[in-house]
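Peer 1: Input file: upload.txt. Contents: compact mmCIF, C-alpha atoms.
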```
# COMPACT_ATOMS: atom_id res chain seq x y z
CA MET A 1 98.30 -106.04 -142.99
CA GLU A 2 99.31 -103.23 -140.65
CA LYS A 3 97.35 -100.04 -141.08
CA LEU A 4 99.72 -97.10 -141.42
CA SER A 5 99.06 -93.82 -139.64
CA LEU A 6 98.64 -90.62 -141.64
CA GLN A 7 102.01 -89.37 -140.35
CA ASP A 8 103.87 -92.45 -141.63
CA PRO A 9 105.90 -91.54 -144.77
CA ARG A 10 104.88 -94.90 -146.31
CA TRP A 11 101.16 -93.99 -146.16
CA GLN A 12 99.32 -93.89 -149.48
CA PRO A 13 95.81 -92.56 -150.19
CA PRO A 14 93.34 -95.48 -150.47
CA PHE A 15 90.97 -93.66 -152.86
CA CYS A 16 90.34 -90.31 -154.49
CA PRO A 17 88.69 -87.84 -152.09
CA ASN A 18 86.73 -86.23 -154.93
CA HIS A 19 83.23 -87.72 -154.62
CA LYS A 20 82.62 -87.15 -158.35
CA CYS A 21 85.61 -89.25 -159.36
CA ARG A 22 85.16 -92.89 -160.41
CA TYR A 23 87.94 -93.81 -157.98
CA HIS A 24 86.12 -92.44 -154.93
CA GLN A 25 84.16 -95.63 -154.23
CA HIS A 26 83.27 -99.05 -155.64
CA PHE A 27 86.42 -99.76 -157.63
CA GLN A 28 88.84 -102.67 -157.64
CA GLY A 29 92.58 -102.69 -157.84
CA PRO A 30 95.01 -99.74 -157.56
CA TRP A 31 93.99 -96.29 -158.68
CA PRO A 32 96.18 -93.81 -160.58
CA PHE A 33 97.68 -91.06 -158.44
CA LYS A 34 101.04 -89.37 -158.08
CA LYS A 35 102.93 -87.41 -155.47
CA GLN A 36 102.93 -83.68 -156.03
CA GLY A 37 105.40 -82.16 -153.60
CA PHE A 38 104.81 -80.81 -150.11
CA TYR A 39 103.40 -77.78 -148.34
CA ARG A 40 104.29 -76.35 -144.97
CA ARG A 41 101.94 -75.16 -142.22
CA SER A 42 102.07 -73.84 -138.66
CA GLN A 43 100.34 -76.86 -137.06
CA ALA A 44 101.96 -80.26 -136.58
CA PRO A 45 102.84 -82.04 -138.76
CA ARG A 46 104.68 -79.09 -140.24
CA THR A 47 105.34 -80.71 -143.64
CA VAL A 48 102.40 -82.30 -145.47
CA GLN A 49 102.67 -84.52 -148.55
CA ARG A 50 100.53 -83.57 -151.55
CA PHE A 51 99.08 -85.88 -154.22
CA GLN A 52 97.11 -85.64 -157.46
CA CYS A 53 94.57 -88.03 -158.94
CA LYS A 54 95.58 -88.79 -162.51
CA HIS A 55 91.96 -89.45 -163.51
CA CYS A 56 90.08 -86.36 -162.31
CA LYS A 57 93.21 -84.15 -161.83
CA ARG A 58 92.07 -83.18 -158.32
CA SER A 59 94.95 -82.25 -156.01
CA PHE A 60 94.82 -83.20 -152.33
CA SER A 61 97.10 -83.97 -149.41
CA VAL A 62 97.49 -86.31 -146.46
CA GLN A 63 95.53 -83.77 -144.41
CA THR A 64 92.51 -84.32 -146.69
CA PHE A 65 92.08 -87.73 -145.03
CA SER A 66 92.44 -86.40 -141.48
CA GLN A 67 89.48 -85.80 -139.18
CA SER A 68 90.88 -82.30 -138.51
CA TYR A 69 90.68 -81.33 -142.21
CA TRP A 70 89.88 -77.63 -142.70
CA GLN A 71 89.97 -76.85 -138.97
CA LYS A 72 91.68 -73.86 -137.41
CA ARG A 73 91.59 -75.42 -133.92
CA PRO A 74 91.92 -79.20 -134.39
CA ASP A 75 92.89 -79.55 -130.73
CA LEU A 76 89.35 -78.68 -129.58
CA ASP A 77 87.54 -81.77 -130.87
CA ARG A 78 89.01 -84.24 -128.39
CA MET A 79 88.26 -81.97 -125.45
CA ILE A 80 84.73 -81.09 -126.57
CA PHE A 81 83.86 -84.74 -127.25
CA LEU A 82 84.03 -85.85 -123.61
CA LYS A 83 82.75 -82.55 -122.22
CA ILE A 84 79.55 -83.00 -124.23
CA CYS A 85 79.07 -86.49 -122.75
CA GLY A 86 80.09 -85.20 -119.34
CA GLY A 87 77.04 -82.98 -119.00
CA MET A 88 78.55 -79.59 -119.89
CA ALA A 89 76.53 -77.05 -121.86
CA ALA A 90 77.99 -75.26 -124.87
CA ARG A 91 78.64 -71.97 -123.07
CA GLN A 92 80.27 -73.76 -120.14
CA ILE A 93 82.58 -75.52 -122.61
CA ALA A 94 83.33 -72.21 -124.31
CA ARG A 95 84.29 -70.58 -121.00
CA ASP A 96 86.43 -73.56 -120.03
CA LEU A 97 88.31 -73.64 -123.36
CA GLU A 98 88.37 -69.83 -123.71
CA VAL A 99 86.77 -69.79 -127.14
CA ALA A 100 83.57 -68.32 -128.55
CA PRO A 101 80.30 -70.25 -128.04
CA SER A 102 79.79 -70.24 -131.82
CA THR A 103 83.12 -72.08 -132.17
CA VAL A 104 81.91 -74.78 -129.78
CA ASP A 105 78.62 -75.05 -131.69
CA ARG A 106 80.42 -75.60 -134.99
CA HIS A 107 82.68 -78.25 -133.48
CA ILE A 108 79.68 -80.05 -131.93
CA GLU A 109 77.92 -80.11 -135.29
CA ARG A 110 81.00 -81.46 -137.01
CA LEU A 111 81.59 -84.06 -134.29
CA GLY A 112 77.97 -85.16 -134.62
CA ARG A 113 78.30 -85.64 -138.37
CA HIS A 114 81.54 -87.55 -137.89
CA CYS A 115 79.92 -89.82 -135.28
CA LEU A 116 77.04 -90.63 -137.64
CA LEU A 117 79.55 -91.84 -140.22
CA PHE A 118 81.78 -93.59 -137.68
CA HIS A 119 78.90 -95.66 -136.29
CA ARG A 120 77.63 -96.61 -139.74
CA ASN A 121 81.12 -97.56 -140.85
CA LEU A 122 81.43 -100.14 -138.05
CA MET A 123 77.85 -101.34 -138.51
CA GLN A 124 78.17 -102.32 -142.18
CA ASP A 125 77.89 -106.08 -141.54
CA TYR A 126 75.96 -106.04 -138.27
CA GLN A 127 73.39 -108.62 -137.23
CA LEU A 128 70.84 -108.19 -134.47
CA GLN A 129 71.64 -110.14 -131.30
CA GLY A 130 68.66 -111.13 -129.16
CA ASP A 131 65.62 -108.96 -128.54
CA LEU A 132 65.21 -105.36 -129.66
CA VAL A 133 64.00 -102.72 -127.17
CA ILE A 134 62.46 -99.46 -128.42
CA ASP A 135 61.19 -96.36 -126.64
CA GLY A 136 60.54 -92.66 -127.15
CA PHE A 137 62.67 -90.17 -125.20
CA GLU A 138 60.59 -87.00 -124.85
CA THR A 139 62.26 -83.59 -124.86
CA PHE A 140 61.63 -80.25 -126.59
CA GLU A 141 63.21 -77.76 -128.97
CA LEU A 142 63.18 -73.96 -128.74
CA SER A 143 60.43 -73.93 -126.09
CA GLN A 144 58.07 -76.31 -124.31
CA TYR A 145 55.46 -75.57 -126.96
CA PHE A 146 57.53 -77.69 -129.38
CA PRO A 147 58.09 -81.13 -127.78
CA PHE A 148 59.43 -84.07 -129.75
CA HIS A 149 60.53 -87.68 -129.33
CA HIS A 150 63.91 -89.20 -129.95
CA ASN A 151 62.86 -92.72 -130.98
CA LEU A 152 65.55 -95.08 -129.65
CA ALA A 153 66.48 -98.70 -130.43
CA VAL A 154 68.75 -100.78 -128.17
CA GLU A 155 69.75 -104.44 -128.09
CA ALA A 156 68.51 -106.08 -124.90
CA GLU A 157 71.37 -108.60 -124.78
CA THR A 158 74.35 -106.27 -125.25
CA GLY A 159 72.98 -102.81 -124.41
CA PHE A 160 74.21 -101.66 -127.83
CA PHE A 161 72.57 -98.38 -128.92
CA LEU A 162 71.63 -99.18 -132.52
CA SER A 163 69.97 -96.09 -133.95
CA PHE A 164 67.48 -93.28 -133.45
CA THR A 165 65.03 -91.06 -135.29
CA ASP A 166 62.89 -88.10 -134.18
CA SER A 167 59.19 -87.25 -134.20
CA GLU A 168 57.50 -83.91 -133.57
CA LEU A 169 54.77 -83.83 -130.91
CA ARG A 170 51.97 -81.51 -129.95
CA ARG A 171 52.23 -80.05 -126.46
CA LYS A 172 49.98 -81.97 -124.10
CA GLY A 173 49.32 -82.32 -120.39
CA ARG A 174 47.93 -79.77 -117.97
CA MET A 175 47.95 -76.21 -119.28
CA ARG A 176 46.49 -72.93 -118.10
CA GLU A 177 44.05 -71.13 -120.36
CA ASP A 178 46.71 -68.64 -121.45
CA GLN A 179 49.04 -71.53 -122.36
CA LYS A 180 46.33 -73.19 -124.42
CA SER A 181 45.72 -69.88 -126.16
CA ARG A 182 49.44 -69.47 -126.86
CA ARG A 183 49.63 -73.00 -128.25
CA GLY A 184 46.74 -72.21 -130.57
CA GLU A 185 48.47 -69.04 -131.80
CA LEU A 186 51.70 -70.89 -132.53
CA GLU A 187 49.89 -73.70 -134.34
CA ALA A 188 47.97 -71.17 -136.43
CA GLN A 189 51.25 -69.50 -137.41
CA TRP A 190 53.56 -72.49 -137.88
CA GLY A 191 51.22 -75.42 -138.37
CA ARG A 192 50.35 -78.39 -136.21
CA PRO A 193 52.67 -81.42 -135.96
CA ASP A 194 51.66 -84.55 -137.83
CA PRO A 195 49.50 -86.66 -135.45
CA LYS A 196 51.14 -89.78 -136.95
CA ALA A 197 54.70 -88.50 -136.50
CA VAL A 198 55.61 -91.06 -133.81
CA GLU A 199 54.21 -93.91 -135.90
CA LYS A 200 56.20 -92.77 -138.95
CA GLY A 201 59.38 -92.13 -136.96
CA VAL A 202 59.31 -95.54 -135.27
CA ARG A 203 58.55 -97.30 -138.56
CA GLU A 204 61.54 -95.58 -140.16
CA LEU A 205 63.67 -96.64 -137.20
CA LEU A 206 62.55 -100.27 -137.44
CA GLU A 207 63.04 -100.41 -141.21
CA ASP A 208 66.61 -99.30 -140.62
CA VAL A 209 67.63 -101.61 -137.75
CA LEU A 210 65.68 -104.65 -138.99
CA ALA A 211 66.99 -104.61 -142.55
CA GLY A 212 67.87 -108.20 -143.48
CA GLU A 213 66.22 -109.74 -140.40
CA SER A 214 63.61 -112.51 -140.80
CA ARG A 215 62.28 -112.67 -137.24
CA VAL A 216 62.63 -110.46 -134.18
CA VAL A 217 61.21 -109.97 -130.70
CA ILE A 218 60.51 -106.31 -129.96
CA ARG A 219 59.99 -105.08 -126.41
CA SER A 220 58.32 -101.74 -125.76
CA ASP A 221 55.91 -99.96 -123.46
CA ASP A 222 52.20 -99.63 -124.21
CA HIS A 223 52.44 -96.64 -126.57
CA ARG A 224 49.53 -96.95 -129.00
CA ALA A 225 51.58 -95.90 -132.05
CA TYR A 226 54.07 -98.79 -131.80
CA PRO A 227 51.79 -101.62 -133.06
CA ARG A 228 50.75 -99.47 -136.04
CA ALA A 229 54.42 -98.68 -136.77
CA MET A 230 55.18 -102.41 -136.99
CA TRP A 231 52.60 -103.04 -139.70
CA GLY A 232 54.25 -103.60 -143.05
CA ILE A 233 57.75 -104.28 -141.69
CA SER A 234 59.30 -107.00 -143.85
CA CYS A 235 60.04 -109.49 -141.06
CA SER A 236 58.10 -111.53 -138.52
CA ILE A 237 57.68 -109.50 -135.31
CA GLU A 238 56.71 -110.74 -131.85
CA HIS A 239 55.71 -107.65 -129.86
CA GLN A 240 56.12 -107.90 -126.07
CA VAL A 241 54.49 -105.03 -124.17
CA THR A 242 55.57 -103.90 -120.68
CA SER A 243 53.51 -101.34 -118.84
CA SER A 244 55.24 -97.99 -118.38
CA LYS A 245 53.94 -98.03 -114.79
CA ASP A 246 56.00 -101.10 -113.83
CA TYR A 247 58.93 -100.58 -111.47
CA ARG A 248 62.00 -99.73 -113.55
CA ASP A 249 64.79 -101.82 -112.05
CA ARG A 250 67.11 -104.39 -113.64
CA HIS A 251 64.34 -106.97 -113.64
CA ASN A 252 62.18 -104.81 -115.91
CA ALA A 253 62.07 -106.09 -119.50
CA LEU A 254 62.80 -102.54 -120.71
CA TRP A 255 65.81 -102.06 -118.44
CA GLU A 256 68.33 -101.36 -121.23
CA ILE A 257 66.26 -98.59 -122.80
CA ASN A 258 65.39 -97.15 -119.36
CA LEU A 259 69.12 -97.07 -118.57
CA LEU A 260 69.78 -95.22 -121.81
CA ASP A 261 67.10 -92.68 -120.88
CA LEU A 262 68.87 -92.13 -117.56
CA LEU A 263 72.21 -91.66 -119.32
CA LEU A 264 70.65 -89.10 -121.66
CA ARG A 265 69.28 -87.09 -118.75
CA HIS A 266 72.53 -87.37 -116.81
CA SER A 267 75.14 -86.95 -119.55
CA ASN A 268 73.61 -84.37 -121.89
CA ALA A 269 72.99 -80.91 -120.45
CA ASN A 270 70.26 -80.16 -123.01
CA HIS A 271 68.05 -82.97 -121.69
CA ARG A 272 68.21 -82.28 -117.96
CA ARG A 273 65.11 -81.30 -116.05
CA GLU A 274 64.65 -77.57 -115.43
CA THR A 275 67.73 -76.60 -117.42
CA LEU A 276 68.74 -73.43 -119.24
CA ALA A 277 70.65 -75.46 -121.84
CA TRP A 278 67.71 -77.02 -123.71
CA SER A 279 68.11 -77.62 -127.45
CA LYS A 280 67.11 -74.72 -129.65
CA ARG A 281 66.96 -76.97 -132.71
CA ARG A 282 65.91 -80.59 -133.11
CA GLN A 283 68.68 -80.98 -135.68
CA ASN A 284 71.39 -80.08 -133.17
CA SER A 285 69.83 -82.30 -130.51
CA SER A 286 70.13 -85.23 -132.93
CA LEU A 287 73.81 -84.50 -133.62
CA ARG A 288 74.52 -84.37 -129.88
CA LEU A 289 72.73 -87.71 -129.55
CA ALA A 290 75.01 -89.16 -132.23
CA ILE A 291 78.04 -88.15 -130.13
CA LEU A 292 76.53 -89.86 -127.07
CA LEU A 293 75.75 -92.96 -129.16
CA VAL A 294 79.43 -93.38 -130.11
CA TRP A 295 80.57 -92.66 -126.55
CA ARG A 296 78.07 -95.13 -125.08
CA ASN A 297 78.81 -97.92 -127.55
CA TYR A 298 82.56 -97.72 -128.05
CA LEU A 299 84.15 -95.88 -125.09
CA LYS A 300 82.04 -96.30 -121.98
CA LYS A 301 81.85 -99.57 -120.05
CA ARG A 302 78.45 -101.20 -120.08
CA TRP A 303 78.57 -101.54 -116.28
CA GLU A 304 80.59 -99.08 -114.20
CA LYS A 305 81.45 -101.70 -111.57
CA GLY A 306 81.73 -104.68 -113.88
CA LYS A 307 84.20 -105.90 -116.46
CA ARG A 308 85.92 -103.41 -118.71
CA GLU A 309 83.60 -104.26 -121.60
CA THR A 310 81.74 -101.87 -123.86
CA PRO A 311 78.52 -102.74 -125.71
CA ALA A 312 80.56 -102.84 -128.94
CA MET A 313 82.86 -105.47 -127.39
CA LEU A 314 79.88 -107.60 -126.36
CA LYS A 315 78.56 -107.32 -129.89
CA GLY A 316 81.92 -108.33 -131.38
CA LEU A 317 82.62 -105.06 -133.20
CA CYS A 318 85.68 -104.17 -131.09
CA LYS A 319 88.23 -106.14 -129.08
CA ARG A 320 88.77 -103.40 -126.47
CA PRO A 321 87.35 -100.01 -125.48
CA LEU A 322 88.28 -97.38 -128.05
CA LYS A 323 89.98 -94.11 -127.21
CA ARG A 324 89.02 -90.65 -128.37
CA GLU A 325 92.12 -90.47 -130.53
CA GLU A 326 91.08 -93.60 -132.46
CA ILE A 327 87.63 -92.17 -133.18
CA LEU A 328 88.85 -88.69 -134.08
CA THR A 329 91.80 -89.55 -136.34
CA GLU A 330 90.58 -90.60 -139.76
CA ARG A 331 88.17 -88.58 -141.86
CA LEU A 332 85.10 -90.45 -143.09
CA PHE A 333 83.42 -89.54 -146.38
CA PRO A 334 79.59 -89.46 -146.56
CA LYS A 335 79.47 -90.86 -150.10
CA ARG A 336 81.32 -93.97 -148.90
CA GLN A 337 78.99 -94.66 -145.95
CA LYS A 338 75.42 -95.87 -146.34
CA LEU A 339 73.32 -93.65 -144.08
CA SER A 340 69.63 -94.23 -143.50
CA PRO A 341 67.32 -91.62 -145.05
CA ARG A 342 66.73 -89.95 -141.67
CA TRP A 343 70.45 -89.93 -140.80
CA GLU A 344 71.15 -88.45 -144.22
CA HIS A 345 68.89 -85.55 -143.18
CA TYR A 346 70.82 -85.20 -139.93
CA TYR A 347 74.11 -85.11 -141.81
CA ARG A 348 72.86 -82.48 -144.25
CA GLY A 349 71.22 -80.42 -141.51
CA SER A 350 67.84 -80.53 -143.21
CA ILE A 351 65.74 -81.22 -140.07
CA HIS A 352 64.09 -77.82 -139.60
CA THR A 353 62.61 -76.26 -136.49
CA ARG A 354 59.31 -74.90 -137.70
CA ALA A 355 59.24 -71.82 -135.43
CA LEU A 356 62.61 -70.57 -136.72
CA GLY A 357 62.55 -68.56 -139.90
CA LYS A 358 66.14 -69.47 -140.77
CA ASN A 359 67.49 -73.02 -140.54
CA ARG A 360 71.10 -73.37 -141.66
CA GLU A 361 71.92 -76.54 -143.60
CA HIS A 362 75.29 -78.20 -144.12
CA THR A 363 76.23 -77.39 -147.72
CA LEU A 364 80.03 -77.28 -147.58
CA SER A 365 81.76 -79.06 -150.47
CA TYR A 366 85.26 -79.60 -149.08
CA ALA A 367 84.92 -79.38 -145.29
CA TYR A 368 82.60 -82.11 -143.98
```
Please express the file's structure as structure tokens.
Peer 2:
Amino acid sequence: MEKLSLQDPRWQPPFCPNHKCRYHQHFQGPWPFKKQGFYRRSQAPRTVQRFQCKHCKRSFSVQTFSQSYWQKRPDLDRMIFLKICGGMAARQIARDLEVAPSTVDRHIERLGRHCLLFHRNLMQDYQLQGDLVIDGFETFELSQYFPFHHNLAVEAETGFFLSFTDSELRRKGRMREDQKSRRGELEAQWGRPDPKAVEKGVRELLEDVLAGESRVVIRSDDHRAYPRAMWGISCSIEHQVTSSKDYRDRHNALWEINLLDLLLRHSNANHRRETLAWSKRRQNSSLRLAILLVWRNYLKKRWEKGKRETPAMLKGLCKRPLKREEILTERLFPKRQKLSPRWEHYYRGSIHTRALGKNREHTLSYAY
């Protein structure tokens, strides 16, 4: 059956957008709604059809199901999406689009939340293909005294970026005496990161991507926390360790995850070496990573000089590379997507940066 666009006059709402209504999710058959006139607006489409749910009496419109719902500048999302993956920092994007940096920040956060839902929506019936490769991508938030890992999971066979979590770290490596003293002052004020954070973050990652699997081969480097993280996982795991000192070319067993690390450094301004655009919050870094995940899996070719195939095509989730417009058209509702516990925190904005007194969470009821 052909899927109608939101602008088609034959389009009908598939469910009630009120998450408290019984017809929002998990129901069979048609649901009771009626048309309730139109309203006019300055943006295209100028005339928008309104509806009302006969059960909960909530009124809504076609625009309620659009990705640009509640946006003053819906034209910005498509431009910001590729600029983020093209290595531009937020202020550079703001200057290019002639908008305020705070506007760009809000759009990035919203795009990140949408990408979390988009990826999960396509991954509802996924099965792992071949070996799993995991690694920790080290970066920092606010300052170099607050490093953390993005724990990454990639399929070795398809290069498909499956999921990620994060883990706080304690600053390590060579430090001058004044730097050690400053680290001690900050830890006395804000607390010291959990020494088992990497173990817990990787275990949470594996519990998510290995749900329903009976046996898997996991490739990783020789990080000491990884074997402990695999204890208690409800499937048979064969752990293959590759030294992090081995030459990192295509013949390396960790090539796919090493390639993803390179893409993160190259495509995201906040992860470049010696940059002014580092992430001020771990929460926002995770939302940016969600945007890159969707771009990497569904838009970008796996090999620049190879066939026009994306990792999602190799995995069988898509028949062709998707376009921005296809990703940023339909609104996705968080109550209808099953997010992992950690991704639920990302969506709600509840991953806090300990050295910031105020951490804003996403608490909007209508806008998403």
Peer 1: Of the candidates A:Arg215, A:Arg113, A:Pro321, A:Glu204, which one gets nearest to His362 of chain A if we count only C-alpha atoms?
Peer 2: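 Nearest to His362 of chain A: A:Arg113.
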Peer 1: Got a sec: who's within 12 Å of Val133 of chain A, counting all atoms listed in the file, leaving out chain neighbours fewer than 5 positions off, as a PyMOL selection string?
Peer 2: chain A and resi 128+151-164+202+205-206+209+216-221+226+238-242+252-260
Peer 1: List as a ChimeraX atom specification the protein and nucleic acid residues near Ala100 of chain A, meaning an atom at most 10 Å away when all atoms listed in the file are counted, but skip any in the same chain fewer than 6 places from it.
Peer 2: /A:90-91,93-94
Peer 1: Between A:Ile108, A:Cys53, A:Val62, A:Ile351, single out the one closest to Gln12 of chain A, counting all atoms listed in the file.
Peer 2: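 Answer, going by the shortest atom-to-atom distance: A:Val62.
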Peer 1: Around (81.8, -88.7, -130.5) in the file's own coordinates, what residues are found within 8 Å if you use only C-alpha atoms, given back as a list in words?
Peer 2: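 These residues have at least one counted atom within 8 Å: Phe81, Leu82, Leu111, Gly112, His114, Cys115, Ala290, Ile291, Leu292, Leu293, Val294, Trp295, Arg324, Ile327 and Leu328 of chain A.
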Peer 1: Please list as a CSV table (one decimal) with C-alpha atoms, in the coordinates of the input every residue within 10 Å of Leu314 of chain A, counting only C-alpha atoms and excluding residues in the same chain fewer than 2 positions away.
Peer 2:
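Printed below is out27.csv as written:
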```
chain,number,residue,atom,x,y,z
A,129,GLN,CA,71.6,-110.1,-131.3
A,157,GLU,CA,71.4,-108.6,-124.8
A,158,THR,CA,74.4,-106.3,-125.2
A,159,GLY,CA,73.0,-102.8,-124.4
A,160,PHE,CA,74.2,-101.7,-127.8
A,297,ASN,CA,78.8,-97.9,-127.6
A,302,ARG,CA,78.4,-101.2,-120.1
A,309,GLU,CA,83.6,-104.3,-121.6
A,310,THR,CA,81.7,-101.9,-123.9
A,311,PRO,CA,78.5,-102.7,-125.7
A,312,ALA,CA,80.6,-102.8,-128.9
A,316,GLY,CA,81.9,-108.3,-131.4
A,317,LEU,CA,82.6,-105.1,-133.2
A,318,CYS,CA,85.7,-104.2,-131.1
A,319,LYS,CA,88.2,-106.1,-129.1
A,320,ARG,CA,88.8,-103.4,-126.5
```
Peer 1: Which residues, written as a list in words, have at least one atom at most 12 Å from Ser350 of chain A, with only C-alpha atoms counted and residues fewer than 2 positions away on the same chain left out?
Peer 2: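 My reading of the contact set: Arg281, Arg282, Gln283, Asn284, Ser286, Leu287, Pro341, Arg342, Trp343, Glu344, His345, Tyr346, Tyr347, Arg348, His352, Thr353, Arg354, Lys358, Asn359, Arg360, Glu361, His362 and Thr363 of chain A.
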Peer 1: Please report the interatomic distance between atom CA of Tyr145 of chain A and atom CA of Arg171 of chain A in Å with one decimal.
Peer 2: 5.5 Å
Peer 1: Enter the distance from atom CA of Lys280 of chain A to atom CA of Phe140 of chain A, in Å, rounded to one decimal.
Peer 2: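 So the answer is 8.4 Å.
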Peer 1: I'd like the contact shell of Glu168 of chain A - 10 Å cut-off, only C-alpha atoms, skipping same-chain residues fewer than 6 positions apart - returned as JSON, numbers by chain.
Peer 2: {"A": [138, 139, 140, 141, 146, 147, 148, 149, 150, 192, 193, 194, 195, 196, 197, 198, 201, 282, 353]}
Peer 1: How many Å lie between atom CA of Pro17 of chain A and atom CA of Gln124 of chain A, rounded to one decimal?
Peer 2: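 Interatomic distance here is 20.5 Å.
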Peer 1: Would you please work out which residue, of A:Asp166, A:Glu199, A:Glu330, A:Glu187, is nearest to Ser285 of chain A when using only C-alpha atoms?
Peer 2: A:Asp166
Peer 1: Could you check which of A:Arg296, A:Arg10, A:His223, A:Lys335 is closest to Ile134 of chain A, using all atoms listed in the file?
Peer 2: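 With all atoms listed in the file as the atom set, the closest residue is A:His223.
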Peer 1: From the options A:Asn270, A:Ser102, A:Gln36, A:Thr47, which residue's atoms come nearest to Ala89 of chain A, counting all atoms listed in the file?
Peer 2: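 Looking only at the distances to Ala89 of chain A, the closest residue turns out to be A:Asn270.
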Peer 1: Ranking A:Ala225, A:Ile233, A:Cys56, A:Met88 by minimum distance to Arg272 of chain A and counting all atoms listed in the file, which one comes first?
Peer 2: A:Met88
